[in-house]
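J.: One structure, as structure tokens, below. Some questions next.
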Amino acid sequence: MSELVLSSLRKTYGPTIAVDDVSLTVREGELVALLGPSGCGKTTTLRMIAGFIEPTAGRILIGGRDVTHLPPHRRDTGMVFQSYALFPHMTVAQNVAFGLEMRKVARAEASRRVADALALVRLGRLGDRYPRQLSGGQQQRVALARALVVNPGVFLLDEPLSNLDAKLRLEVRVEIRELQRRLGLTTVFVTHDQEEALTLADRLVVMANGVVQQVGTPEELYESPANLFVAGFIGRSNVLHGRVAEPGRFESLGGLVLAVPPRDCGAPGRAALALRPERLSLAPPGTAAEPGRNAVAGRVALVTYLGATSEYRVAVGRDEVLTATLPTPPASHPLRRLAAGDNVTVTWPAEAGRLLAPEGMGPDGATEEGG
Amino acid sequence: MRAVAAAVFLFMFLPVIFVAWISLFDQQIIAFPPDGYTLAWYANALRRQEFARGFATSFQVAAIATLIGVTLGAAAAYAIVRSRFVGREVLNTLLLGPLVVPGIVAGTALYVYYVALENALDLDIRATLPGLVLGHILLTIPWTVRLVSASLIGLDRAIEEAAANLGAAPLTVFRRITLPMMRPGLVAASLFSFIQSFENLELSLLLVGPGRITLPVAMLNYLEFRIDPTIAAVATIQIVIIGILMLISDRFVKLSRIV
């Protein structure tokens, strides 16, 4: 396994920029997820690493070797495709043996390694079957074994779970993570599913419109999103537009005056305030703000019971809405009687808010008009 | 639905059944109901030299034309499906041309063309095996281009990418992955090409020569002089042989999945 380095990678199709200036280092044994909505450039980036797309500019290094202009078959990457792409005219064992055959591995050793690889993905007894005789999950595991048996320098996964049903997806997800850990595979994983990315990856690369929005651990992305796009794409966020009046004080367009963490205030000016729904609390109407907290009067617009949690949409200020997600309280708790139309106070610690530049992009990739 | 299907099948197979039935009639002039049944016409068909020779010629021409035509047609289909070049659509349409031009017109045109070529090059083309084969290659190409294109369009490119990813150079990918996956299309194309060539009458009429007479032309020649159930016997033998060929192909590839 080796380190993967992308430096200033760029791909344009005529005037369209598919991938713009992507730089990234994937350390040995690390699993990095490329995450973003469709058309964000994540698959193009993966296909450039595999060699199916020639970059317009930039370099790709695998284990220190510059592979930017090498054809796919000389790159030493192991790729798992969304459609599995098994060879339909070959048995499972022949599929898995194909890469070894190309590397001219001696027959005896090859059959031993094929058996090991199939055992690794728990398909030891299905070597003689043809792909069409297997279930989707089994086909996926054959594809994994086929890519892994050659000990590739970099392991690439292109939305490998999206063709599986929900239950199987969870199973295979855990399986991929275990294999990746056990074998210390340098892995790049493309997905549009943020939950998948959060649970699998050591680090995430959030992309939109061909541009990397933020790189970081799941925790970093969730706790400190770099912009509105990331705040909306990783988990959910309430967003209030407005301006920073002075360090530590934010005034929303709806007329709310709020305490915010002074550390991420730049100069006073337009800004957006992102608030995670689960950091908000509800208190009886008229509750005063404690020091270091905000308290905002509002009226419940909608209560949604979700089992373990409940979601409260509360209208605040002028035309602004905050969504609070709280653990569902016990049946006797007064919050359980809260219904649309009731007055409440929404409170949260000032440091739970995150100030971001207003001219970010909405989670659907559309540019918002800002504050 | 079943009734409609049954009616259609009956309509399609009735002539075949009648031909097979007539071939057994024990009388020279065909009349219903038959006086009795005999295998004499089969004996006559097998005895007559022109049918045996016609069969051999047709088989030879069809085999060679299929081999060459399918190779060329498959290469053309590959280029049309896989690469983007100027005139791609035009080429695609042109290659289907032989389907549109009536066989007798194409045969006449070829005849004139061969005469011109013979004059220019001072060598025999009419009434030779190569001349006949060249004409029949035209019959095989439209079928091949259509059938092989269809099998290529349905091929998931990711499968070829997976092979490249595992270390296969482009030629190896083609030989080990693409070609085997095109096999159903190639088998179907070969079968259809062979049958097209084997049973072709119109195109061959003007291109055959002494000692180079194909079976359909031999049958027509026979009919010019007499009408008796011999011709039905020959037709029945031909139908059985083609039926067997289709059954053999079906062992390799399910035809119903392609056409």
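Ordering of the structure tokens sets the chain letters (A, B, ...), residue numbers begin anew at 1 in every chain, and ligands are numbered from 1 in the order given.
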Write out as JSON, numbers by chain each polymer residue whose atoms come within 7 Å of range 63-70 of chain A, counting only C-alpha atoms; drop sequence neighbours fewer than 6 positions from it.

T.: {"A": [2, 3, 4, 51]}

J.: Please report as a tab-separated table every residue of chain B lying within 7 Å of chain A, along with the nearest atom pair and their distance in Å (one decimal), using only C-alpha atoms.

T.:
```
residue	atom	partner	partner_atom	distance
B:Ala158	CA	A:Ala85	CA	5.5
B:Ile159	CA	A:Ala85	CA	4.4
B:Ala162	CA	A:Ala85	CA	6.5
B:Ala164	CA	A:His73	CA	4.8
B:Asn165	CA	A:His73	CA	5.2
B:Leu166	CA	A:Gly99	CA	4.7
B:Gly167	CA	A:His73	CA	4.0
B:Ala168	CA	A:His73	CA	5.5
B:Ala169	CA	A:His73	CA	5.9
```

J.: Where in range 194-285 of chain A does DSSP assign strand (DSSP E or B), given as a ChimeraX atom specification?

T.: /A:203-208,211-216,238-246,249-252,257-259,269-275,281-283

J.: Go ahead and save the picked residues with C-alpha atoms, as a short mmCIF file (atom, residue, chain, number, x, y, z; two decimals), in the first residue's frame.

T.:
```
data_model
loop_
_atom_site.label_atom_id
_atom_site.label_comp_id
_atom_site.auth_asym_id
_atom_site.auth_seq_id
_atom_site.Cartn_x
_atom_site.Cartn_y
_atom_site.Cartn_z
CA ARG A 203 -11.26 11.94 6.44
CA LEU A 204 -13.84 13.44 4.11
CA VAL A 205 -13.40 15.63 1.10
CA VAL A 206 -16.58 17.59 0.44
CA MET A 207 -16.85 18.71 -3.16
CA ALA A 208 -19.29 20.93 -5.04
CA VAL A 211 -14.19 22.48 -6.16
CA VAL A 212 -13.09 21.05 -2.82
CA GLN A 213 -15.18 22.79 -0.15
CA GLN A 214 -13.48 21.32 2.88
CA VAL A 215 -11.22 18.44 3.90
CA GLY A 216 -11.31 17.06 7.42
CA ASN A 238 -30.40 26.24 10.70
CA VAL A 239 -29.08 29.21 8.81
CA LEU A 240 -29.83 32.80 9.76
CA HIS A 241 -28.62 35.54 7.45
CA GLY A 242 -27.68 38.92 8.80
CA ARG A 243 -24.67 40.92 9.85
CA VAL A 244 -22.09 41.04 12.56
CA ALA A 245 -22.67 44.35 14.33
CA GLU A 246 -19.62 44.05 16.54
CA ARG A 249 -22.98 40.26 18.33
CA PHE A 250 -25.02 39.14 15.31
CA GLU A 251 -28.15 40.80 14.02
CA SER A 252 -30.35 38.69 11.80
CA VAL A 257 -29.94 40.14 18.18
CA LEU A 258 -27.81 37.19 19.14
CA ALA A 259 -24.62 36.45 20.99
CA GLY A 269 -20.32 42.95 8.09
CA ARG A 270 -22.64 40.55 6.38
CA ALA A 271 -22.55 37.00 7.69
CA ALA A 272 -24.58 33.84 8.09
CA LEU A 273 -25.09 32.04 11.37
CA ALA A 274 -25.31 28.23 11.26
CA LEU A 275 -26.90 26.39 14.16
CA SER A 281 -33.27 23.67 23.57
CA LEU A 282 -36.84 24.68 24.27
CA ALA A 283 -37.92 26.51 27.45
#
```

J.: Taking a cut-off of 9 Å and counting only C-alpha atoms, can you build a table that, for each residue of range 51-72 of chain B near range 138-157 of chain B, reports the nearest atom pair and how far apart they are in Å (one decimal), sorted by chain then residue number, as a Markdown table?

T.:
```
| residue | atom | partner | partner_atom | distance |
| --- | --- | --- | --- | --- |
| B:Ala65 | CA | B:Thr140 | CA | 7.2 |
| B:Thr66 | CA | B:Thr140 | CA | 6.4 |
| B:Ile68 | CA | B:Thr140 | CA | 8.9 |
| B:Gly69 | CA | B:Thr140 | CA | 5.5 |
| B:Val70 | CA | B:Thr144 | CA | 5.8 |
| B:Thr71 | CA | B:Thr144 | CA | 8.7 |
| B:Leu72 | CA | B:Ile141 | CA | 7.5 |
```

J.: Identify all residues of range 30-192 of chain B in helix (DSSP H, G or I) (DSSP on the backbone) and supply them as a ChimeraX atom specification.

T.: /B:40-47,49-82,88-95,97-100,103-121,129-153,157-165,170-192
